[in-house]
Amino acid sequence: MALKQAESSAEVEDKLAALTTNVSAIRAVKSAVEGTIGPKGLDTMLVDRDGGVIVTNDGVTILEQMEVDHPAAQMMIAIAKNQQEKVGDGTTTATIVASSLVSEGLDKVIRGVPVAKLIDGIAYGIQSSLELIESCSHKVVSLDDPYLYNIAIIAGRKYNDVADMVIKAAKLIGKDKLCDAKFKLSDIVYSQNGVENEVFGGVLIHQKRMNTEMPHTLESVKILVIDDALEIETMSSEALGTESGFQQYMKQQAEFKENLQKIIDLGVKFVLVDRGVNSDAEEVLTDAGVMILRRVENEILNRVAEHVGARKLKRTGLKKSLSELEKYLGYAESVIEDEKLQQVRVLGGKGIPTAAILVGAATKQIAGEKERIAKDAASSVQAAVKGGYVAGGGAAEIMLARNLKSCKKEFAGMIDYGVECVVQALKAPLSQIIKNAGYHPLEKVEEVIGAQFDKQNGALGVDCDNGKITDMISKGIVDPALVKYYAIKSAGEIAISILRIGTIIRKKKCKGQGELLD
């Protein structure tokens, strides 16, 4: 079936036009975040149609909130979100490197370099850089490593209070848990306006007890975690209309009351429930001095169970004997509800240590931004514990670029052009950091390259306060190796994806989108 001819815009674009369009979209995304990178980076104000305002320096927040229609730009933002999901930071670096990669790639294609050869060279350059980052990173042996605090300060945008809280929480949790792939330190960060900053060992639950007749403070607490509803199994009206159905219903009622009595007999004083709670259960357990939280998120249920050493139980599990149910219980030193803040704290669990970071600020907007900052700091500290750290401030990328440059002679033919794209792209973060600090990017980047070569020190970079060349590691300016790793990896993935697109075709509308299928 013949394609419809062009309307206001072409339905089918030739290969160079498609690449040019996509590269322009990626550049536009980069321009939205490039001014935030580095110690002298500025904030961005995001304003919605209703007048809502977010002021932030966080790259992924800017990308997630900005209006984007172009498919290539949406691909870039998806990659940035993936970067955030994996290590919680480095999205701005990934965006800047990706933009430089596709821009350099477009330039090479215009000059006649085959895209296939270009992609091969980029893939090699990216992989070589990733291997070098892994091999040269400085490992974190102890949570007392002073560089961890520096990482928290840098990712926390020089908020000492944020860095202090993140490091304290990391120590409460321990290195083993921080290295757990399923655990995210950023998940324990919360914010609330009108409160003081606080770190404590335990779990913070943003819910209140079912009613005010329940106790708000418990000591030496036995805890039951029900991954289900605390209700009687429902029966259809048809079933209840039969004699056998009614007898079954009465049996279920009796069993439910027996199960509630088991909870009381076990000495349980705190019950967390995934779903709803029957009014009879609420009344009986309230009279017994039990605090209940209902409709607790599964993630919180898991965190509490792990911290207090409990095993989650389905409601049918309450049919077990008292001795069997005892094995499902957890224990905490105390459970306290803050009625004003509508929070419950579970403290001193006998299971795996955990912590909570509560970030306070004067207003809701400021609290939200400080929470994002604290989450970045927490993610960076955890990434450093897992994968070590490298020189920050763009110095590590220059070291990688120098290494690739020295290896280029190994390549014959046009693959070399792809490697050159990676070399130039790795210079982009330092160039932007220098520009944001008010210095001449080209001059300073070449100065750093020369200094690193002369002194054979890949940690040399630019002090943005005075413009002088300095050893970034000695100065305490370091970045998590995993953040660099995934930023470069993500940039390579998006660049290769964009360069592979040779044609853009407008899809016809499907049913339900205002046009019938032919």
# chains A, B, ... in the order shown; residues from 1 in each chain; ligands from 1
>>> closest_atom_pairs(of="segment 369-460 of chain A", to="segment 49-64 of chain A", cutoff="12 Å", atoms="only C-alpha atoms", output="tab-separated table")
residue	atom	partner	partner_atom	distance
A:Glu369	CA	A:Thr56	CA	6.3
A:Lys370	CA	A:Thr56	CA	9.3
A:Glu371	CA	A:Thr56	CA	10.9
A:Arg372	CA	A:Asp58	CA	7.5
A:Ile373	CA	A:Asp58	CA	7.6
A:Ala374	CA	A:Asp58	CA	11.1
A:Lys375	CA	A:Asp58	CA	10.5
A:Asp376	CA	A:Asp58	CA	8.5
A:Ala377	CA	A:Asp58	CA	11.4
>>> write_last_selection(atoms="N, CA and C atoms", output="PDB file, in the first residue's frame")
ATOM      1  N   GLU A 369      12.881  19.446  47.628  1.00  0.00           N
ATOM      2  CA  GLU A 369      14.194  19.543  46.991  1.00  0.00           C
ATOM      3  C   GLU A 369      15.286  18.954  47.884  1.00  0.00           C
ATOM      4  N   LYS A 370      15.191  19.189  49.192  1.00  0.00           N
ATOM      5  CA  LYS A 370      16.192  18.611  50.091  1.00  0.00           C
ATOM      6  C   LYS A 370      16.079  17.090  50.137  1.00  0.00           C
ATOM      7  N   GLU A 371      14.875  16.581  49.966  1.00  0.00           N
ATOM      8  CA  GLU A 371      14.719  15.129  49.894  1.00  0.00           C
ATOM      9  C   GLU A 371      15.420  14.587  48.655  1.00  0.00           C
ATOM     10  N   ARG A 372      15.242  15.267  47.506  1.00  0.00           N
ATOM     11  CA  ARG A 372      15.917  14.830  46.277  1.00  0.00           C
ATOM     12  C   ARG A 372      17.438  14.885  46.456  1.00  0.00           C
ATOM     13  N   ILE A 373      17.914  15.919  47.111  1.00  0.00           N
ATOM     14  CA  ILE A 373      19.353  16.057  47.351  1.00  0.00           C
ATOM     15  C   ILE A 373      19.851  14.924  48.246  1.00  0.00           C
ATOM     16  N   ALA A 374      19.101  14.650  49.312  1.00  0.00           N
ATOM     17  CA  ALA A 374      19.500  13.583  50.236  1.00  0.00           C
ATOM     18  C   ALA A 374      19.466  12.217  49.557  1.00  0.00           C
ATOM     19  N   LYS A 375      18.495  12.000  48.691  1.00  0.00           N
ATOM     20  CA  LYS A 375      18.430  10.737  47.952  1.00  0.00           C
ATOM     21  C   LYS A 375      19.628  10.594  47.021  1.00  0.00           C
ATOM     22  N   ASP A 376      20.035  11.681  46.363  1.00  0.00           N
ATOM     23  CA  ASP A 376      21.228  11.638  45.512  1.00  0.00           C
ATOM     24  C   ASP A 376      22.462  11.289  46.335  1.00  0.00           C
ATOM     25  N   ALA A 377      22.584  11.938  47.493  1.00  0.00           N
ATOM     26  CA  ALA A 377      23.737  11.678  48.363  1.00  0.00           C
ATOM     27  C   ALA A 377      23.743  10.230  48.837  1.00  0.00           C
TER      28      ALA A 377
END
>>> residues_around(residues="Phe270 of chain A", least_positions_apart="2", cutoff="6 Å", atoms="only C-alpha atoms", output="number ranges by chain")
A: 223, 268, 290-292
>>> closest_residue(among="A:Leu106, A:Gln248, A:Gly41, A:Gly450", to="Gly502 of chain A", atoms="only C-alpha atoms")
A:Leu106
>>> atom_distance(atom1="atom CA of Lys435 of chain A", atom2="atom CA of Cys421 of chain A")
20.8 Å
>>> select_by_dssp(residues="segment 159-207 of chain A", states="strand (DSSP E)", output="JSON, numbers by chain")
{"A": [189, 190, 191, 192, 193, 198, 199, 200, 202, 203, 204, 205]}
>>> select_by_dssp(residues="segment 285-388 of chain A", states="alpha helix (DSSP H)", output="ChimeraX atom specification")
/A:285-287,298-308,322-326,364-387
>>> write_last_selection(atoms="N, CA and C atoms", output="short mmCIF file (atom, residue, chain, number, x, y, z; two decimals), in the first residue's frame")
data_model
loop_
_atom_site.label_atom_id
_atom_site.label_comp_id
_atom_site.auth_asym_id
_atom_site.auth_seq_id
_atom_site.Cartn_x
_atom_site.Cartn_y
_atom_site.Cartn_z
N LEU A 285 -9.12 -6.28 69.05
CA LEU A 285 -7.71 -6.01 69.26
C LEU A 285 -7.47 -4.66 69.93
N THR A 286 -8.34 -3.71 69.70
CA THR A 286 -8.23 -2.43 70.42
C THR A 286 -8.42 -2.66 71.91
N ASP A 287 -9.43 -3.44 72.26
CA ASP A 287 -9.68 -3.75 73.68
C ASP A 287 -8.50 -4.47 74.31
N ASN A 298 3.45 -2.85 50.47
CA ASN A 298 4.19 -4.09 50.54
C ASN A 298 5.67 -3.86 50.83
N GLU A 299 6.22 -2.79 50.25
CA GLU A 299 7.64 -2.48 50.48
C GLU A 299 7.91 -2.22 51.95
N ILE A 300 6.99 -1.50 52.60
CA ILE A 300 7.14 -1.21 54.03
C ILE A 300 6.94 -2.47 54.86
N LEU A 301 5.97 -3.29 54.46
CA LEU A 301 5.78 -4.57 55.16
C LEU A 301 7.07 -5.38 55.16
N ASN A 302 7.69 -5.46 53.99
CA ASN A 302 8.93 -6.22 53.87
C ASN A 302 10.04 -5.63 54.74
N ARG A 303 10.12 -4.30 54.74
CA ARG A 303 11.18 -3.64 55.51
C ARG A 303 10.99 -3.85 57.01
N VAL A 304 9.75 -3.73 57.47
CA VAL A 304 9.48 -3.96 58.89
C VAL A 304 9.75 -5.41 59.26
N ALA A 305 9.26 -6.34 58.43
CA ALA A 305 9.45 -7.76 58.72
C ALA A 305 10.93 -8.11 58.82
N GLU A 306 11.71 -7.57 57.90
CA GLU A 306 13.14 -7.83 57.91
C GLU A 306 13.81 -7.25 59.15
N HIS A 307 13.40 -6.03 59.51
CA HIS A 307 14.03 -5.36 60.65
C HIS A 307 13.69 -6.01 61.98
N VAL A 308 12.45 -6.48 62.12
CA VAL A 308 12.03 -7.05 63.41
C VAL A 308 12.19 -8.56 63.47
N LEU A 322 -0.49 -22.13 68.23
CA LEU A 322 0.23 -21.03 68.88
C LEU A 322 1.74 -21.21 68.76
N SER A 323 2.19 -22.43 68.92
CA SER A 323 3.64 -22.68 68.85
C SER A 323 4.19 -22.41 67.45
N GLU A 324 3.40 -22.73 66.45
CA GLU A 324 3.82 -22.47 65.06
C GLU A 324 3.78 -20.97 64.76
N LEU A 325 2.72 -20.31 65.24
CA LEU A 325 2.59 -18.87 64.98
C LEU A 325 3.69 -18.07 65.66
N GLU A 326 4.16 -18.57 66.78
CA GLU A 326 5.24 -17.89 67.51
C GLU A 326 6.46 -17.68 66.62
N LYS A 364 7.12 23.17 52.04
CA LYS A 364 6.95 21.90 51.34
C LYS A 364 7.87 21.83 50.12
N GLN A 365 8.00 22.95 49.38
CA GLN A 365 8.85 22.96 48.18
C GLN A 365 10.31 22.73 48.53
N ILE A 366 10.77 23.41 49.58
CA ILE A 366 12.18 23.26 49.99
C ILE A 366 12.42 21.85 50.53
N ALA A 367 11.45 21.33 51.27
CA ALA A 367 11.58 19.97 51.80
C ALA A 367 11.69 18.96 50.67
N GLY A 368 10.90 19.16 49.62
CA GLY A 368 10.96 18.25 48.47
C GLY A 368 12.31 18.26 47.79
N GLU A 369 12.88 19.45 47.63
CA GLU A 369 14.19 19.54 46.99
C GLU A 369 15.29 18.95 47.88
N LYS A 370 15.19 19.19 49.19
CA LYS A 370 16.19 18.61 50.09
C LYS A 370 16.08 17.09 50.14
N GLU A 371 14.88 16.58 49.97
CA GLU A 371 14.72 15.13 49.89
C GLU A 371 15.42 14.59 48.65
N ARG A 372 15.24 15.27 47.51
CA ARG A 372 15.92 14.83 46.28
C ARG A 372 17.44 14.89 46.46
N ILE A 373 17.91 15.92 47.11
CA ILE A 373 19.35 16.06 47.35
C ILE A 373 19.85 14.92 48.25
N ALA A 374 19.10 14.65 49.31
CA ALA A 374 19.50 13.58 50.24
C ALA A 374 19.47 12.22 49.56
N LYS A 375 18.49 12.00 48.69
CA LYS A 375 18.43 10.74 47.95
C LYS A 375 19.63 10.59 47.02
N ASP A 376 20.03 11.68 46.36
CA ASP A 376 21.23 11.64 45.51
C ASP A 376 22.46 11.29 46.34
N ALA A 377 22.58 11.94 47.49
CA ALA A 377 23.74 11.68 48.36
C ALA A 377 23.74 10.23 48.84
N ALA A 378 22.57 9.73 49.21
CA ALA A 378 22.47 8.35 49.68
C ALA A 378 22.82 7.37 48.57
N SER A 379 22.31 7.63 47.37
CA SER A 379 22.60 6.75 46.22
C SER A 379 24.08 6.74 45.90
N SER A 380 24.71 7.91 45.95
CA SER A 380 26.13 8.01 45.63
C SER A 380 26.99 7.29 46.66
N VAL A 381 26.65 7.45 47.93
CA VAL A 381 27.40 6.75 48.99
C VAL A 381 27.27 5.24 48.82
N GLN A 382 26.06 4.76 48.56
CA GLN A 382 25.88 3.32 48.38
C GLN A 382 26.63 2.82 47.15
N ALA A 383 26.61 3.60 46.07
CA ALA A 383 27.33 3.21 44.85
C ALA A 383 28.83 3.13 45.12
N ALA A 384 29.35 4.05 45.92
CA ALA A 384 30.78 4.03 46.25
C ALA A 384 31.14 2.82 47.10
N VAL A 385 30.26 2.47 48.03
CA VAL A 385 30.49 1.29 48.86
C VAL A 385 30.53 0.04 47.98
N LYS A 386 29.67 -0.02 47.00
CA LYS A 386 29.61 -1.18 46.11
C LYS A 386 30.78 -1.25 45.14
N GLY A 387 31.10 -0.11 44.53
CA GLY A 387 32.06 -0.14 43.41
C GLY A 387 33.28 0.73 43.53
#
>>> residues_around(residues="Gly492 of chain A", least_positions_apart="6", cutoff="8 Å", atoms="only C-alpha atoms", output="VMD selection string")
chain A and resid 98 101 122 to 123 126
>>> residues_around(residues="segment 497-500 of chain A", least_positions_apart="6", cutoff="7 Å", atoms="only C-alpha atoms", output="number ranges by chain")
A: 19, 22, 115
>>> residues_around(residues="segment 470-476 of chain A", least_positions_apart="4", cutoff="10 Å", atoms="only C-alpha atoms", output="PyMOL selection string")
chain A and resi 146-151+154+389-396+448+451-452+457-464
>>> write_last_selection(atoms="N, CA and C atoms", output="PDB file, in the first residue's frame")
ATOM      1  N   PRO A 146      37.077   8.373  54.832  1.00  0.00           N
ATOM      2  CA  PRO A 146      36.706   9.803  54.744  1.00  0.00           C
ATOM      3  C   PRO A 146      36.189  10.215  53.379  1.00  0.00           C
ATOM      4  N   TYR A 147      36.552   9.475  52.332  1.00  0.00           N
ATOM      5  CA  TYR A 147      36.081   9.833  50.997  1.00  0.00           C
ATOM      6  C   TYR A 147      34.574   9.610  50.840  1.00  0.00           C
ATOM      7  N   LEU A 148      34.006   8.735  51.673  1.00  0.00           N
ATOM      8  CA  LEU A 148      32.552   8.551  51.627  1.00  0.00           C
ATOM      9  C   LEU A 148      31.832   9.834  52.013  1.00  0.00           C
ATOM     10  N   TYR A 149      32.372  10.520  53.006  1.00  0.00           N
ATOM     11  CA  TYR A 149      31.771  11.792  53.415  1.00  0.00           C
ATOM     12  C   TYR A 149      31.898  12.822  52.295  1.00  0.00           C
ATOM     13  N   ASN A 150      33.059  12.835  51.630  1.00  0.00           N
ATOM     14  CA  ASN A 150      33.248  13.765  50.518  1.00  0.00           C
ATOM     15  C   ASN A 150      32.238  13.497  49.400  1.00  0.00           C
ATOM     16  N   ILE A 151      32.010  12.212  49.136  1.00  0.00           N
ATOM     17  CA  ILE A 151      31.032  11.839  48.102  1.00  0.00           C
ATOM     18  C   ILE A 151      29.638  12.323  48.494  1.00  0.00           C
ATOM     19  N   ILE A 154      29.471  16.139  47.975  1.00  0.00           N
ATOM     20  CA  ILE A 154      29.397  16.533  46.568  1.00  0.00           C
ATOM     21  C   ILE A 154      28.020  16.220  45.994  1.00  0.00           C
ATOM     22  N   TYR A 389      35.494   4.396  44.159  1.00  0.00           N
ATOM     23  CA  TYR A 389      35.380   5.761  43.651  1.00  0.00           C
ATOM     24  C   TYR A 389      36.554   6.100  42.743  1.00  0.00           C
ATOM     25  N   VAL A 390      36.364   7.149  41.931  1.00  0.00           N
ATOM     26  CA  VAL A 390      37.393   7.641  41.007  1.00  0.00           C
ATOM     27  C   VAL A 390      37.466   9.156  41.160  1.00  0.00           C
ATOM     28  N   ALA A 391      38.455   9.758  40.529  1.00  0.00           N
ATOM     29  CA  ALA A 391      38.595  11.211  40.575  1.00  0.00           C
ATOM     30  C   ALA A 391      37.349  11.872  40.011  1.00  0.00           C
ATOM     31  N   GLY A 392      36.883  12.927  40.664  1.00  0.00           N
ATOM     32  CA  GLY A 392      35.683  13.622  40.238  1.00  0.00           C
ATOM     33  C   GLY A 392      35.988  14.861  39.415  1.00  0.00           C
ATOM     34  N   GLY A 393      34.973  15.676  39.238  1.00  0.00           N
ATOM     35  CA  GLY A 393      35.150  16.927  38.516  1.00  0.00           C
ATOM     36  C   GLY A 393      35.511  16.782  37.062  1.00  0.00           C
ATOM     37  N   GLY A 394      35.167  15.653  36.431  1.00  0.00           N
ATOM     38  CA  GLY A 394      35.477  15.436  35.022  1.00  0.00           C
ATOM     39  C   GLY A 394      36.869  14.910  34.756  1.00  0.00           C
ATOM     40  N   ALA A 395      37.691  14.764  35.815  1.00  0.00           N
ATOM     41  CA  ALA A 395      39.069  14.294  35.640  1.00  0.00           C
ATOM     42  C   ALA A 395      39.119  12.852  35.151  1.00  0.00           C
ATOM     43  N   ALA A 396      38.248  12.002  35.687  1.00  0.00           N
ATOM     44  CA  ALA A 396      38.260  10.591  35.304  1.00  0.00           C
ATOM     45  C   ALA A 396      37.936  10.429  33.824  1.00  0.00           C
ATOM     46  N   VAL A 448      44.364  20.452  31.215  1.00  0.00           N
ATOM     47  CA  VAL A 448      44.234  19.242  32.036  1.00  0.00           C
ATOM     48  C   VAL A 448      44.826  18.037  31.308  1.00  0.00           C
ATOM     49  N   ALA A 451      48.561  18.271  31.517  1.00  0.00           N
ATOM     50  CA  ALA A 451      49.058  18.035  32.870  1.00  0.00           C
ATOM     51  C   ALA A 451      48.981  16.556  33.229  1.00  0.00           C
ATOM     52  N   GLN A 452      47.880  15.911  32.867  1.00  0.00           N
ATOM     53  CA  GLN A 452      47.766  14.481  33.144  1.00  0.00           C
ATOM     54  C   GLN A 452      48.851  13.691  32.418  1.00  0.00           C
ATOM     55  N   ASN A 457      49.299  11.370  35.764  1.00  0.00           N
ATOM     56  CA  ASN A 457      48.357  11.348  36.887  1.00  0.00           C
ATOM     57  C   ASN A 457      46.949  11.597  36.356  1.00  0.00           C
ATOM     58  N   GLY A 458      46.152  10.554  36.305  1.00  0.00           N
ATOM     59  CA  GLY A 458      44.799  10.663  35.775  1.00  0.00           C
ATOM     60  C   GLY A 458      43.805  11.297  36.717  1.00  0.00           C
ATOM     61  N   ALA A 459      44.273  11.755  37.876  1.00  0.00           N
ATOM     62  CA  ALA A 459      43.374  12.396  38.838  1.00  0.00           C
ATOM     63  C   ALA A 459      43.407  13.917  38.748  1.00  0.00           C
ATOM     64  N   LEU A 460      44.218  14.445  37.848  1.00  0.00           N
ATOM     65  CA  LEU A 460      44.338  15.902  37.741  1.00  0.00           C
ATOM     66  C   LEU A 460      43.118  16.504  37.049  1.00  0.00           C
ATOM     67  N   GLY A 461      42.630  17.596  37.609  1.00  0.00           N
ATOM     68  CA  GLY A 461      41.485  18.303  37.047  1.00  0.00           C
ATOM     69  C   GLY A 461      41.590  19.778  37.354  1.00  0.00           C
ATOM     70  N   VAL A 462      40.472  20.478  37.280  1.00  0.00           N
ATOM     71  CA  VAL A 462      40.461  21.924  37.498  1.00  0.00           C
ATOM     72  C   VAL A 462      39.730  22.255  38.792  1.00  0.00           C
ATOM     73  N   ASP A 463      40.388  23.039  39.640  1.00  0.00           N
ATOM     74  CA  ASP A 463      39.745  23.570  40.832  1.00  0.00           C
ATOM     75  C   ASP A 463      38.847  24.724  40.389  1.00  0.00           C
ATOM     76  N   CYS A 464      37.553  24.549  40.496  1.00  0.00           N
ATOM     77  CA  CYS A 464      36.615  25.554  39.981  1.00  0.00           C
ATOM     78  C   CYS A 464      36.599  26.839  40.803  1.00  0.00           C
TER      79      CYS A 464
END
>>> closest_atom_pairs(of="segment 193-242 of chain A", to="segment 156-163 of chain A", cutoff="12 Å", atoms="only C-alpha atoms", output="Markdown table")
| residue | atom | partner | partner_atom | distance |
| --- | --- | --- | --- | --- |
| A:Glu196 | CA | A:Asp161 | CA | 10.9 |
| A:Asn197 | CA | A:Asp161 | CA | 7.9 |
| A:Glu198 | CA | A:Asp161 | CA | 9.7 |
| A:Val199 | CA | A:Val162 | CA | 10.3 |
>>> residues_around(residues="Gly317 of chain A", least_positions_apart="5", cutoff="12 Å", atoms="only C-alpha atoms", output="CSV table (one decimal) with N, CA, C and O atoms, in the first residue's frame")
chain,number,residue,atom,x,y,z
A,224,LEU,N,3.3,-8.8,64.5
A,224,LEU,CA,2.8,-9.7,63.6
A,224,LEU,C,2.6,-9.0,62.2
A,224,LEU,O,1.9,-7.9,62.2
A,225,VAL,N,3.1,-9.5,61.2
A,225,VAL,CA,3.0,-8.9,59.8
A,225,VAL,C,2.1,-9.8,59.0
A,225,VAL,O,2.5,-10.9,58.6
A,226,ILE,N,0.9,-9.3,58.6
A,226,ILE,CA,-0.1,-10.0,57.8
A,226,ILE,C,-0.1,-9.5,56.4
A,226,ILE,O,-0.5,-8.4,56.1
A,227,ASP,N,0.4,-10.3,55.5
A,227,ASP,CA,0.5,-9.9,54.0
A,227,ASP,C,-0.9,-10.3,53.4
A,227,ASP,O,-0.9,-11.1,52.4
A,228,ASP,N,-1.9,-9.7,53.9
A,228,ASP,CA,-3.3,-10.1,53.5
A,228,ASP,C,-4.3,-9.2,54.2
A,228,ASP,O,-3.9,-8.3,54.9
A,229,ALA,N,-5.5,-9.4,54.1
A,229,ALA,CA,-6.6,-8.7,54.9
A,229,ALA,C,-6.8,-9.4,56.2
A,229,ALA,O,-6.7,-10.7,56.3
A,230,LEU,N,-7.1,-8.7,57.2
A,230,LEU,CA,-7.5,-9.3,58.5
A,230,LEU,C,-9.1,-9.3,58.5
A,230,LEU,O,-9.7,-8.5,59.3
A,255,GLU,N,-14.0,-19.4,63.6
A,255,GLU,CA,-12.6,-19.5,63.3
A,255,GLU,C,-11.9,-18.2,63.4
A,255,GLU,O,-10.8,-18.1,64.0
A,256,PHE,N,-12.6,-17.2,62.9
A,256,PHE,CA,-12.0,-15.8,62.8
A,256,PHE,C,-11.8,-15.3,64.3
A,256,PHE,O,-10.8,-14.7,64.6
A,259,ASN,N,-8.9,-17.0,65.8
A,259,ASN,CA,-7.7,-16.5,65.3
A,259,ASN,C,-7.3,-15.2,66.0
A,259,ASN,O,-6.1,-14.9,66.3
A,262,LYS,N,-5.9,-15.9,69.3
A,262,LYS,CA,-4.6,-16.4,69.2
A,262,LYS,C,-3.6,-15.2,69.2
A,262,LYS,O,-2.5,-15.2,69.9
A,263,ILE,N,-3.9,-14.2,68.5
A,263,ILE,CA,-3.1,-13.0,68.4
A,263,ILE,C,-2.9,-12.4,69.8
A,263,ILE,O,-1.8,-12.0,70.2
A,311,ARG,N,8.2,-13.1,60.0
A,311,ARG,CA,7.9,-13.8,58.7
A,311,ARG,C,6.5,-13.4,58.4
A,311,ARG,O,5.5,-13.4,59.2
A,312,LYS,N,6.3,-12.9,57.1
A,312,LYS,CA,4.9,-12.5,56.7
A,312,LYS,C,4.0,-13.7,56.7
A,312,LYS,O,4.4,-14.8,56.3
A,322,LEU,N,-0.5,-22.1,68.2
A,322,LEU,CA,0.2,-21.0,68.9
A,322,LEU,C,1.7,-21.2,68.8
A,322,LEU,O,2.5,-20.2,68.5
A,324,GLU,N,3.4,-22.7,66.4
A,324,GLU,CA,3.8,-22.5,65.1
A,324,GLU,C,3.8,-21.0,64.8
A,324,GLU,O,4.7,-20.4,64.1
A,325,LEU,N,2.7,-20.3,65.2
A,325,LEU,CA,2.6,-18.9,65.0
A,325,LEU,C,3.7,-18.1,65.7
A,325,LEU,O,4.1,-17.0,65.2
A,326,GLU,N,4.2,-18.6,66.8
A,326,GLU,CA,5.2,-17.9,67.5
A,326,GLU,C,6.5,-17.7,66.6
A,326,GLU,O,7.2,-16.7,66.7
A,327,LYS,N,6.7,-18.6,65.7
A,327,LYS,CA,7.9,-18.6,64.8
A,327,LYS,C,7.7,-17.4,63.8
A,327,LYS,O,8.7,-17.0,63.2
A,328,TYR,N,6.5,-16.9,63.6
A,328,TYR,CA,6.3,-15.9,62.6
A,328,TYR,C,6.4,-14.5,63.2
A,328,TYR,O,6.4,-13.5,62.5
>>> closest_residue(among="A:Leu347, A:Val296, A:Leu318, A:Met75", to="Lys208 of chain A", atoms="only C-alpha atoms")
A:Val296
>>> closest_residue(among="A:Gly267, A:Thr363, A:Thr354, A:Gln342", to="Leu329 of chain A", atoms="only C-alpha atoms")
A:Gly267
